[in-house]
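Novice: This one is target_12.tsv, TSV, C-alpha atoms.
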chain	number	residue	atom	x	y	z
A	1	MET	CA	-20.46	-37.05	-2.09
A	2	LYS	CA	-16.90	-36.20	-3.09
A	3	ARG	CA	-17.83	-36.23	-6.78
A	4	PHE	CA	-20.80	-34.00	-6.06
A	5	THR	CA	-18.66	-31.49	-4.14
A	6	ALA	CA	-16.07	-31.44	-6.94
A	7	GLY	CA	-18.86	-30.75	-9.41
A	8	LEU	CA	-20.05	-27.78	-7.34
A	9	LEU	CA	-16.57	-26.31	-7.32
A	10	SER	CA	-16.31	-26.72	-11.10
A	11	LEU	CA	-19.62	-24.94	-11.58
A	12	LEU	CA	-18.47	-22.12	-9.29
A	13	ILE	CA	-15.30	-21.56	-11.30
A	14	ALA	CA	-17.09	-21.76	-14.65
A	15	ALA	CA	-20.04	-19.49	-13.76
A	16	THR	CA	-20.32	-16.41	-15.93
A	17	ALA	CA	-19.39	-13.29	-13.94
A	18	VAL	CA	-21.94	-10.53	-14.43
A	19	ALA	CA	-23.04	-7.77	-12.14
A	20	GLU	CA	-26.66	-8.60	-11.20
A	21	GLU	CA	-27.23	-9.41	-7.52
A	22	GLN	CA	-28.84	-12.83	-7.00
A	23	PRO	CA	-31.51	-13.37	-5.95
A	24	ILE	CA	-32.69	-9.97	-7.18
A	25	PRO	CA	-33.51	-7.77	-4.14
A	26	GLY	CA	-37.21	-6.96	-3.75
A	27	GLU	CA	-38.36	-9.85	-5.97
A	28	TRP	CA	-39.83	-13.32	-5.59
A	29	PHE	CA	-37.94	-16.28	-6.99
A	30	VAL	CA	-38.59	-19.97	-7.68
A	31	SER	CA	-36.03	-22.75	-7.50
A	32	LEU	CA	-35.77	-26.21	-9.06
A	33	THR	CA	-32.79	-28.32	-7.98
A	34	ALA	CA	-31.46	-31.84	-7.94
A	35	ALA	CA	-31.10	-32.69	-4.25
A	36	TYR	CA	-28.70	-35.27	-2.92
A	37	LEU	CA	-29.99	-36.91	0.29
A	38	ASP	CA	-28.04	-39.02	2.75
A	39	PRO	CA	-30.72	-39.89	5.36
A	40	PRO	CA	-30.06	-41.21	8.87
A	41	PRO	CA	-29.75	-45.00	9.22
A	42	ASP	CA	-33.03	-45.35	11.07
A	43	PHE	CA	-34.91	-44.05	8.03
A	44	MET	CA	-34.18	-47.37	6.37
A	45	MET	CA	-33.44	-45.49	3.14
A	46	GLY	CA	-30.25	-45.30	1.15
A	47	SER	CA	-28.66	-42.24	-0.42
A	48	THR	CA	-30.72	-40.82	-3.28
A	49	VAL	CA	-31.00	-37.85	-5.65
A	50	GLU	CA	-34.45	-36.29	-5.87
A	51	PRO	CA	-35.99	-33.12	-7.30
A	52	ALA	CA	-36.64	-30.24	-4.91
A	53	VAL	CA	-38.74	-27.13	-5.50
A	54	GLY	CA	-38.78	-23.88	-3.61
A	55	VAL	CA	-40.19	-20.38	-3.59
A	56	GLY	CA	-38.63	-17.40	-1.86
A	57	TYR	CA	-38.43	-13.65	-1.50
A	58	ALA	CA	-35.28	-11.47	-1.43
A	59	PHE	CA	-35.82	-8.64	1.04
A	60	ASN	CA	-32.58	-6.86	0.12
A	61	ASP	CA	-28.97	-7.54	-0.91
A	62	ASP	CA	-28.29	-9.34	2.37
A	63	LEU	CA	-31.28	-11.55	3.22
A	64	ALA	CA	-33.77	-13.83	1.47
A	65	ILE	CA	-36.27	-16.36	2.87
A	66	GLU	CA	-37.11	-19.58	1.02
A	67	LEU	CA	-39.81	-22.27	1.52
A	68	GLN	CA	-38.67	-25.57	0.00
A	69	TRP	CA	-40.33	-28.98	-0.50
A	70	ILE	CA	-38.12	-32.04	-0.92
A	71	PRO	CA	-39.75	-35.46	-1.60
A	72	TRP	CA	-37.86	-38.68	-0.74
A	73	GLN	CA	-38.70	-42.01	-2.27
A	74	ALA	CA	-37.42	-45.50	-1.64
A	75	SER	CA	-38.79	-49.02	-1.87
A	76	GLY	CA	-41.38	-49.44	0.86
A	77	THR	CA	-40.82	-45.97	2.33
A	78	ASP	CA	-41.70	-42.45	1.21
A	79	ALA	CA	-40.78	-39.18	2.87
A	80	ASP	CA	-40.92	-35.47	2.26
A	81	SER	CA	-39.37	-32.47	3.97
A	82	VAL	CA	-40.63	-28.91	4.21
A	83	TRP	CA	-37.91	-26.39	5.05
A	84	VAL	CA	-37.92	-22.67	5.85
A	85	THR	CA	-34.45	-21.32	5.05
A	86	GLY	CA	-32.80	-17.99	5.66
A	87	LEU	CA	-30.24	-17.17	2.95
A	88	ILE	CA	-27.71	-14.70	4.35
A	89	ASP	CA	-25.58	-13.05	1.66
A	90	LEU	CA	-21.79	-12.97	1.99
A	91	ASP	CA	-19.61	-10.33	0.29
A	92	SER	CA	-17.80	-11.69	-2.74
A	93	SER	CA	-14.79	-10.48	-4.69
A	94	TYR	CA	-16.10	-12.16	-7.87
A	95	ALA	CA	-18.62	-10.20	-9.93
A	96	GLY	CA	-21.84	-12.18	-10.47
A	97	ILE	CA	-21.06	-14.78	-7.76
A	98	ASP	CA	-23.15	-14.32	-4.59
A	99	PRO	CA	-22.18	-16.77	-1.80
A	100	TYR	CA	-24.54	-17.28	1.10
A	101	ILE	CA	-25.06	-19.05	4.41
A	102	ALA	CA	-28.19	-21.22	4.62
A	103	VAL	CA	-29.74	-21.68	8.06
A	104	GLY	CA	-33.20	-22.97	8.83
A	105	VAL	CA	-35.66	-25.42	10.31
A	106	GLY	CA	-38.31	-27.80	9.04
A	107	SER	CA	-39.78	-31.25	9.41
A	108	ALA	CA	-39.67	-34.59	7.60
A	109	LYS	CA	-42.69	-36.90	7.31
A	110	LEU	CA	-41.96	-40.60	6.82
A	111	GLU	CA	-44.58	-43.07	5.64
A	112	SER	CA	-44.21	-46.80	5.20
A	113	ASN	CA	-46.54	-49.75	4.84
A	114	VAL	CA	-46.74	-50.14	8.60
A	115	SER	CA	-46.16	-46.70	10.14
A	116	SER	CA	-46.14	-42.93	9.74
A	117	SER	CA	-44.06	-40.37	11.70
A	118	ARG	CA	-42.80	-36.78	11.54
A	119	GLU	CA	-39.34	-35.65	12.63
A	120	GLU	CA	-38.20	-32.09	13.39
A	121	GLN	CA	-35.19	-30.90	11.38
A	122	ALA	CA	-32.57	-28.12	11.56
A	123	PHE	CA	-29.71	-27.42	9.23
A	124	LEU	CA	-26.76	-25.16	8.47
A	125	GLY	CA	-24.86	-24.87	5.18
A	126	VAL	CA	-23.15	-22.73	2.57
A	127	GLY	CA	-23.81	-22.14	-1.11
A	128	PHE	CA	-23.84	-19.62	-3.92
A	129	PHE	CA	-25.92	-18.06	-6.68
A	130	ALA	CA	-24.20	-17.42	-10.03
A	131	ASP	CA	-25.98	-14.94	-12.31
A	132	LEU	CA	-26.63	-16.38	-15.78
A	133	GLY	CA	-28.43	-13.31	-17.13
A	134	ASN	CA	-32.05	-12.65	-18.07
A	135	ARG	CA	-33.11	-13.18	-14.41
A	136	TRP	CA	-31.75	-16.75	-14.28
A	137	ALA	CA	-29.14	-17.96	-11.81
A	138	LEU	CA	-27.26	-21.17	-11.11
A	139	ARG	CA	-27.71	-22.19	-7.50
A	140	ALA	CA	-25.84	-24.80	-5.39
A	141	ASP	CA	-25.25	-25.49	-1.71
A	142	VAL	CA	-24.28	-28.17	0.83
A	143	ARG	CA	-25.79	-28.52	4.30
A	144	ALA	CA	-25.39	-30.45	7.52
A	145	VAL	CA	-28.85	-31.59	8.64
A	146	SER	CA	-30.09	-32.83	12.03
A	147	THR	CA	-33.22	-35.00	11.79
A	148	GLY	CA	-34.60	-36.28	15.08
A	149	GLY	CA	-31.17	-35.82	16.63
A	150	GLU	CA	-29.42	-37.76	13.85
A	151	ALA	CA	-26.93	-35.94	11.63
A	152	HIS	CA	-26.76	-36.48	7.88
A	153	GLY	CA	-25.80	-34.69	4.70
A	154	PHE	CA	-27.66	-32.76	2.02
A	155	ALA	CA	-26.55	-31.02	-1.19
A	156	GLN	CA	-28.35	-29.52	-4.15
A	157	VAL	CA	-27.65	-27.86	-7.48
A	158	GLY	CA	-30.09	-26.31	-9.91
A	159	LEU	CA	-31.60	-23.11	-11.27
A	160	THR	CA	-33.52	-20.16	-9.87
A	161	ARG	CA	-35.65	-17.65	-11.68
A	162	SER	CA	-36.70	-14.23	-10.41
A	163	ILE	CA	-40.42	-13.71	-11.01
A	164	GLY	CA	-41.14	-10.42	-9.26
A	165	ARG	CA	-41.37	-6.96	-10.69
A	166	VAL	CA	-39.50	-6.24	-13.91
A	167	ALA	CA	-37.04	-3.42	-13.54
A	168	SER	CA	-37.84	-0.45	-15.72
A	169	LYS	CA	-34.20	-0.18	-16.65
A	170	PRO	CA	-30.94	-1.98	-15.86
A	171	ARG	CA	-29.43	-1.17	-12.46
A	172	ASP	CA	-26.78	1.49	-12.12
A	173	ASP	CA	-25.73	1.34	-8.47
A	174	ASP	CA	-23.10	4.09	-8.61
A	175	GLN	CA	-25.35	6.36	-10.71
A	176	ASP	CA	-22.66	7.15	-13.26
A	177	GLY	CA	-24.83	6.51	-16.33
A	178	VAL	CA	-23.29	3.11	-17.09
A	179	VAL	CA	-25.41	0.12	-16.05
A	180	ASN	CA	-23.94	-2.47	-13.71
A	181	ARG	CA	-23.59	-5.09	-16.43
A	182	ASP	CA	-21.28	-2.82	-18.47
A	183	ASP	CA	-19.59	-0.96	-15.60
A	184	ALA	CA	-15.90	-1.86	-15.26
A	185	CYS	CA	-15.57	0.57	-12.34
A	186	PRO	CA	-18.68	-0.02	-10.20
A	187	ASP	CA	-17.71	2.28	-7.32
A	188	THR	CA	-17.22	5.55	-9.19
A	189	PRO	CA	-17.54	8.57	-6.82
A	190	ALA	CA	-20.69	10.62	-7.37
A	191	GLY	CA	-20.46	13.42	-9.91
A	192	GLN	CA	-17.26	12.23	-11.62
A	193	PRO	CA	-17.24	12.17	-15.45
A	194	VAL	CA	-16.83	8.62	-16.76
A	195	ASP	CA	-16.06	6.91	-20.06
A	196	SER	CA	-18.11	4.21	-21.78
A	197	ARG	CA	-16.71	1.60	-19.37
A	198	GLY	CA	-17.92	3.56	-16.32
A	199	CYS	CA	-14.41	4.57	-15.26
A	200	VAL	CA	-13.44	8.10	-14.24
A	201	ILE	CA	-12.05	10.22	-17.07
A	202	PRO	CA	-8.81	11.82	-15.83
A	203	PRO	CA	-8.90	15.65	-15.84
A	204	ALA	CA	-7.14	17.28	-18.80
A	205	ASP	CA	-3.42	18.03	-18.42
A	206	ARG	CA	-2.37	19.35	-21.80
A	207	ASP	CA	1.27	20.02	-20.93
A	208	GLY	CA	1.64	16.66	-19.15
A	209	ASP	CA	3.27	18.11	-16.04
A	210	GLY	CA	1.02	16.27	-13.59
A	211	VAL	CA	-1.06	19.33	-12.67
A	212	VAL	CA	-4.52	19.36	-14.24
A	213	ASP	CA	-5.39	22.31	-16.45
A	214	ALA	CA	-7.97	23.63	-13.98
A	215	ASN	CA	-5.21	24.17	-11.38
A	216	ASP	CA	-2.28	24.86	-13.74
A	217	ARG	CA	-0.98	28.42	-13.44
A	218	CYS	CA	1.66	27.72	-16.08
A	219	PRO	CA	-0.18	25.65	-18.74
A	220	ASN	CA	2.66	25.53	-21.27
A	221	THR	CA	5.46	23.98	-19.20
A	222	PRO	CA	8.11	22.25	-21.39
A	223	PRO	CA	8.00	18.43	-21.32
A	224	ASN	CA	9.71	16.53	-18.50
A	225	VAL	CA	10.46	19.63	-16.43
A	226	PRO	CA	9.83	19.45	-12.65
A	227	VAL	CA	7.02	21.76	-11.51
A	228	ASP	CA	5.50	22.91	-8.23
A	229	ALA	CA	1.90	22.41	-7.08
A	230	ARG	CA	0.81	25.31	-9.31
A	231	GLY	CA	2.23	23.63	-12.41
A	232	CYS	CA	5.04	26.17	-12.74
A	233	GLU	CA	8.74	25.44	-13.17
A	234	LEU	CA	10.76	25.34	-9.97
A	235	ASP	CA	12.77	28.38	-8.91
A	236	SER	CA	14.60	27.04	-5.88
A	237	ASP	CA	16.46	30.24	-4.97
A	238	ARG	CA	13.46	32.43	-5.84
A	239	ASP	CA	15.43	34.85	-7.92
A	240	GLY	CA	12.89	34.97	-10.75
A	241	VAL	CA	14.89	32.67	-13.03
A	242	VAL	CA	13.63	29.05	-13.20
A	243	ASP	CA	16.02	26.25	-12.28
A	244	ARG	CA	16.19	25.03	-15.88
A	245	LEU	CA	17.79	28.34	-16.96
A	246	ASP	CA	19.50	29.33	-13.73
A	247	GLN	CA	23.28	29.22	-14.04
A	248	CYS	CA	23.71	30.46	-10.47
A	249	PRO	CA	21.25	28.30	-8.46
A	250	ASP	CA	22.25	29.52	-5.01
A	251	THR	CA	21.73	33.27	-5.38
A	252	PRO	CA	21.07	34.96	-1.99
A	253	ARG	CA	17.43	35.82	-1.32
A	254	GLY	CA	16.53	39.29	-2.63
A	255	ALA	CA	19.65	39.74	-4.75
A	256	GLU	CA	19.29	41.35	-8.16
A	257	VAL	CA	20.17	38.93	-10.95
A	258	ASP	CA	20.54	38.96	-14.70
A	259	ALA	CA	18.80	36.68	-17.24
A	260	ARG	CA	21.16	33.84	-16.29
A	261	GLY	CA	20.06	34.02	-12.65
A	262	CYS	CA	23.45	35.42	-11.59
A	263	GLU	CA	24.30	38.60	-9.73
A	264	PRO	CA	25.75	41.12	-12.19
A	265	GLU	CA	29.45	41.77	-11.98
A	266	PRO	CA	30.16	45.00	-10.06
A	267	ALA	CA	31.01	47.96	-12.28
A	268	GLU	CA	34.65	48.90	-12.45
A	269	VAL	CA	35.39	51.62	-9.90
A	270	GLU	CA	37.99	54.32	-10.36
A	271	VAL	CA	39.61	55.97	-7.35
A	272	THR	CA	42.08	58.84	-7.01
A	273	GLU	CA	43.75	60.20	-3.87
A	274	LEU	CA	45.10	63.53	-2.74
A	275	SER	CA	47.51	64.18	0.14
A	276	VAL	CA	48.54	67.64	1.36
A	277	GLU	CA	51.13	68.46	4.06
A	278	PHE	CA	50.68	71.68	6.00
A	279	ASP	CA	53.05	74.09	7.79
A	280	VAL	CA	53.12	74.22	11.59
A	281	ASP	CA	49.84	75.47	13.09
A	282	SER	CA	48.47	76.22	9.59
A	283	SER	CA	45.47	75.11	7.50
A	284	ARG	CA	46.51	77.01	4.37
A	285	ILE	CA	47.03	74.82	1.32
A	286	PRO	CA	50.57	75.19	-0.07
A	287	ALA	CA	50.90	76.25	-3.71
A	288	ALA	CA	53.13	73.24	-4.33
A	289	VAL	CA	50.09	70.93	-4.52
A	290	ASP	CA	48.30	72.86	-7.30
A	291	ARG	CA	49.41	70.21	-9.81
A	292	ASP	CA	47.82	67.50	-7.61
A	293	PHE	CA	44.54	69.42	-7.55
A	294	ALA	CA	44.61	69.70	-11.34
A	295	ARG	CA	44.85	65.91	-11.55
A	296	VAL	CA	41.85	65.55	-9.22
A	297	TYR	CA	39.85	68.07	-11.29
A	298	ARG	CA	40.44	65.97	-14.44
A	299	PHE	CA	39.22	62.88	-12.58
A	300	LEU	CA	36.07	64.73	-11.49
A	301	GLU	CA	35.38	65.83	-15.05
A	302	ARG	CA	35.17	62.14	-16.03
A	303	HIS	CA	33.10	61.28	-12.94
A	304	PRO	CA	30.79	64.20	-12.17
A	305	ASN	CA	28.88	62.12	-9.58
A	306	ALA	CA	31.96	61.10	-7.63
A	307	ARG	CA	32.15	61.36	-3.85
A	308	ALA	CA	35.06	62.47	-1.65
A	309	ALA	CA	36.09	61.57	1.89
A	310	VAL	CA	38.50	64.13	3.38
A	311	GLU	CA	40.39	63.50	6.65
A	312	GLY	CA	42.55	66.02	8.55
A	313	HIS	CA	45.48	65.26	10.94
A	314	THR	CA	48.08	67.05	13.13
A	315	ASP	CA	51.29	66.25	14.93
A	316	SER	CA	51.38	65.99	18.71
A	317	THR	CA	52.49	69.55	19.34
A	318	GLY	CA	49.90	71.51	21.35
A	319	SER	CA	46.90	70.30	23.26
A	320	ALA	CA	44.68	67.53	21.99
A	321	ALA	CA	41.64	69.81	21.87
A	322	TYR	CA	43.46	72.43	19.83
A	323	ASN	CA	44.85	69.80	17.50
A	324	GLN	CA	41.33	68.38	16.92
A	325	GLY	CA	40.07	71.74	15.71
A	326	LEU	CA	43.19	72.27	13.57
A	327	SER	CA	42.73	68.88	11.88
A	328	GLU	CA	39.12	69.73	11.06
A	329	ARG	CA	40.15	73.10	9.56
A	330	ARG	CA	42.76	71.39	7.39
A	331	ALA	CA	40.19	68.84	6.09
A	332	GLN	CA	37.65	71.58	5.46
A	333	ALA	CA	40.23	73.60	3.50
A	334	ILE	CA	40.65	70.70	1.07
A	335	ALA	CA	36.87	70.22	0.80
A	336	ASP	CA	36.25	73.95	0.22
A	337	ARG	CA	38.75	74.04	-2.61
A	338	LEU	CA	37.07	71.11	-4.38
A	339	ILE	CA	33.62	72.65	-3.85
A	340	ASP	CA	34.62	76.22	-4.72
A	341	ALA	CA	36.20	75.04	-7.94
A	342	GLY	CA	32.79	73.73	-8.97
A	343	ARG	CA	34.03	70.16	-9.13
A	344	LEU	CA	31.92	68.67	-6.31
A	345	SER	CA	28.66	69.53	-4.59
A	346	SER	CA	28.83	69.88	-0.82
A	347	ASP	CA	26.50	66.93	-0.25
A	348	ARG	CA	29.04	64.63	-1.89
A	349	VAL	CA	31.93	65.55	0.39
A	350	GLU	CA	32.47	64.03	3.83
A	351	VAL	CA	34.82	65.95	6.17
A	352	VAL	CA	36.31	64.57	9.38
A	353	GLY	CA	39.21	65.57	11.63
A	354	HIS	CA	41.25	63.08	13.65
A	355	GLY	CA	43.46	65.50	15.51
A	356	GLU	CA	46.74	63.88	16.60
A	357	SER	CA	45.17	60.41	17.05
A	358	LYS	CA	46.33	58.81	13.77
A	359	PRO	CA	50.01	59.65	13.16
A	360	ILE	CA	51.79	57.98	10.26
A	361	ALA	CA	55.26	58.77	11.59
A	362	ALA	CA	57.01	59.33	14.93
A	363	ASN	CA	56.34	62.74	16.44
A	364	GLU	CA	59.80	62.74	18.14
A	365	THR	CA	61.49	64.00	14.97
A	366	ALA	CA	60.89	67.09	12.87
A	367	GLU	CA	60.55	64.95	9.76
A	368	GLY	CA	57.93	62.72	11.46
A	369	ARG	CA	55.95	65.72	12.69
A	370	GLN	CA	55.96	67.19	9.15
A	371	ARG	CA	54.43	63.99	7.74
A	372	ASN	CA	51.75	64.00	10.43
A	373	ARG	CA	50.66	67.57	9.58
A	374	ARG	CA	48.48	66.44	6.69
A	375	ALA	CA	45.03	66.11	5.12
A	376	THR	CA	44.06	63.36	2.69
A	377	ALA	CA	41.17	62.98	0.26
A	378	VAL	CA	39.94	59.80	-1.36
A	379	ILE	CA	37.73	60.47	-4.40
A	380	ALA	CA	35.81	57.53	-5.89
A	381	SER	CA	33.39	57.19	-8.78
A	382	GLU	CA	29.72	56.82	-7.82
A	383	GLU	CA	29.70	53.03	-8.43
A	384	GLN	CA	31.74	52.41	-5.28
A	385	GLN	CA	29.12	54.06	-3.15
A	386	ASP	CA	26.11	52.00	-4.46
Please go through the file and, once you have read it, give me the structure as structure tokens.
Specialist:
Amino acid sequence: MKRFTAGLLSLLIAATAVAEEQPIPGEWFVSLTAAYLDPPPDFMMGSTVEPAVGVGYAFNDDLAIELQWIPWQASGTDADSVWVTGLIDLDSSYAGIDPYIAVGVGSAKLESNVSSSREEQAFLGVGFFADLGNRWALRADVRAVSTGGEAHGFAQVGLTRSIGRVASKPRDDDQDGVVNRDDACPDTPAGQPVDSRGCVIPPADRDGDGVVDANDRCPNTPPNVPVDARGCELDSDRDGVVDRLDQCPDTPRGAEVDARGCEPEPAEVEVTELSVEFDVDSSRIPAAVDRDFARVYRFLERHPNARAAVEGHTDSTGSAAYNQGLSERRAQAIADRLIDAGRLSSDRVEVVGHGESKPIAANETAEGRQRNRRATAVIASEEQQD
């Protein structure tokens, strides 16, 4: 029995792995095996190997029914068994090897020179079919048998042949155009293009960025460059310059950048200032500052789009309300002179009076009050304002 079991294992390992289900679903099959019998002691028969024949039908991939006749012979005693067996298919990870559970019932008739009897039988076992091609299969199993309440062993190995309908063409279970026997990828999803081995052909990705051409918005990405889901180079700070070329990778969102991805350097700004001191309670511009105005005019000739901010001030003499108006008149006098000279348009001049609120010297002295009676203008090129 041990040698027989070892032989079954050797046949299982050596069986050729092909893709045809065995027995073939929807077909009849016949079986011829060498059966090893180890009858109960009361049969008065020793262990023997006898031929066994069977016929069956495979309903589907999972279930077949077989009727089998097994003759027993020994000196002075003959017997035969008729078995009805259900063969329940088990899933297998080996292509072409179909293991099964065998379960069934039957009876054994014993005849000797002096008596004749029939015993009911039941059995349970395991086995396999191994597809050999051309509708042939190797078949082997071992079973535990109960005959008349006595347990004994049974094993068989042999061949089966499908004899039912002949398929019009080889099976192609996944419908990919490659028959099972040649299909290296038997579970291809429906509708996927496959190669000659039945395996899915990867979608084209001509630039090799990992995004297939059908979804690639940037089909000519340089090799080995990280891309986003659209197949385009990354632009982490979203400044319009891809990371590969961006020399300033942390540009603030919305900032204008140059071709390097950097904010342009601010243009050089030129500024000139004008300060005029006024007499007491006066907004008339003294003639002594004409030279300062000439300097400002030359600046404005170079920067015709310049802007000016003019501020007027007073000392603390008089009421605050009066001083506020006086400071505004002093600032306006400066602005009017720049405008009237044709150097600035009125919409580019800002005029404000601060009254006595922003002294630059102590109002307790005549000298301090003189310095506080002033108007100042800051004129800057247009670039400073943008």
Novice: At a cut-off of 9 Å, using all atoms listed in the file, what residues contact Tyr57 in chain A? Leave out same-chain residues fewer than 2 positions from it and give the result as an mmCIF file with C-alpha atoms, in the frame of the given file.
Specialist:
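What ended up in part.cif:
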data_model
loop_
_atom_site.group_PDB
_atom_site.id
_atom_site.type_symbol
_atom_site.label_atom_id
_atom_site.label_comp_id
_atom_site.auth_asym_id
_atom_site.auth_seq_id
_atom_site.Cartn_x
_atom_site.Cartn_y
_atom_site.Cartn_z
ATOM 1 C CA PRO A 23 -31.510 -13.370 -5.950
ATOM 2 C CA ILE A 24 -32.690 -9.970 -7.180
ATOM 3 C CA PRO A 25 -33.510 -7.770 -4.140
ATOM 4 C CA GLY A 26 -37.210 -6.960 -3.750
ATOM 5 C CA GLU A 27 -38.360 -9.850 -5.970
ATOM 6 C CA TRP A 28 -39.830 -13.320 -5.590
ATOM 7 C CA PHE A 29 -37.940 -16.280 -6.990
ATOM 8 C CA VAL A 30 -38.590 -19.970 -7.680
ATOM 9 C CA VAL A 55 -40.190 -20.380 -3.590
ATOM 10 C CA PHE A 59 -35.820 -8.640 1.040
ATOM 11 C CA LEU A 63 -31.280 -11.550 3.220
ATOM 12 C CA ALA A 64 -33.770 -13.830 1.470
ATOM 13 C CA ILE A 65 -36.270 -16.360 2.870
ATOM 14 C CA GLU A 66 -37.110 -19.580 1.020
ATOM 15 C CA GLY A 164 -41.140 -10.420 -9.260
#
Novice: Neighbouring residues of Glu150 in chain A were defined as those with any atom within 10 Å, considering all atoms listed in the file; residues of the same chain fewer than 6 positions away were excluded. Please report them as JSON, numbers by chain.
Specialist: {"A": [39, 40, 41, 42, 121]}
Novice: Compare A:Arg298, A:Arg373, A:Arg260, A:Arg343 by their minimum atom-to-atom distance to Ile285 in chain A, counting only C-alpha atoms, and give me the closest one.
Specialist: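 Residue with the minimum atom-to-atom distance to Ile285 in chain A: A:Arg373.
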Novice: In terms of the shortest atom-to-atom distance over only C-alpha atoms, which of A:Cys218, A:Ala309, A:Ala288, A:Cys262 is closest to Val241 in chain A?
Specialist: A:Cys262
Novice: Which is closer to Gly106 in chain A than all the others in A:Asp89, A:Asp80, A:Asp173, A:Asp195, using only C-alpha atoms?
Specialist: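 Ranking A:Asp89, A:Asp80, A:Asp173, A:Asp195 by distance to Gly106 in chain A, first place goes to A:Asp80.
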Novice: What separation in Å, quoted to one decimal, exists between CA of Leu110 in chain A and CA of Ile88 in chain A?
Specialist: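 For CA of Leu110 in chain A relative to CA of Ile88 in chain A, the distance reads 29.7 Å.
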Novice: Would you work out the distance separating CA of Ser283 in chain A from CA of Gly353 in chain A, expressed in Å to one decimal?
Specialist: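 Answer for the CA of Ser283 in chain A to CA of Gly353 in chain A separation: 12.1 Å.
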Novice: Find, counting only C-alpha atoms, the residue in A:Asn305, A:Gln156, A:Thr147, A:Ser275 that gets nearest to Ala380 in chain A.
Specialist: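 Once distances to Ala380 in chain A are computed over only C-alpha atoms, the minimum belongs to A:Asn305.
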Novice: Nearest to Ala137 in chain A among A:Arg161, A:His152, A:Arg238, A:Arg217, with distances taken over only C-alpha atoms: which residue is it?
Specialist: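 So, comparing all the options, the nearest one is A:Arg161.
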Novice: Could you give me, as a PyMOL selection string, the residues within 10 Å of Pro193 in chain A, counting all atoms listed in the file and dropping anything in the same chain fewer than 3 positions from it?
Specialist: chain A and resi 176-177+188-190+198-203
Novice: Go ahead and dump the residues you just picked, C-alpha atoms, as a PDB file, keeping the file's coordinate frame.
Specialist:
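Okay, again-v5.pdb is ready:
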ATOM      1  CA  ASP A 176     -22.660   7.150 -13.260  1.00  0.00           C
ATOM      2  CA  GLY A 177     -24.830   6.510 -16.330  1.00  0.00           C
ATOM      3  CA  THR A 188     -17.220   5.550  -9.190  1.00  0.00           C
ATOM      4  CA  PRO A 189     -17.540   8.570  -6.820  1.00  0.00           C
ATOM      5  CA  ALA A 190     -20.690  10.620  -7.370  1.00  0.00           C
ATOM      6  CA  GLY A 198     -17.920   3.560 -16.320  1.00  0.00           C
ATOM      7  CA  CYS A 199     -14.410   4.570 -15.260  1.00  0.00           C
ATOM      8  CA  VAL A 200     -13.440   8.100 -14.240  1.00  0.00           C
ATOM      9  CA  ILE A 201     -12.050  10.220 -17.070  1.00  0.00           C
ATOM     10  CA  PRO A 202      -8.810  11.820 -15.830  1.00  0.00           C
ATOM     11  CA  PRO A 203      -8.900  15.650 -15.840  1.00  0.00           C
TER      12      PRO A 203
END
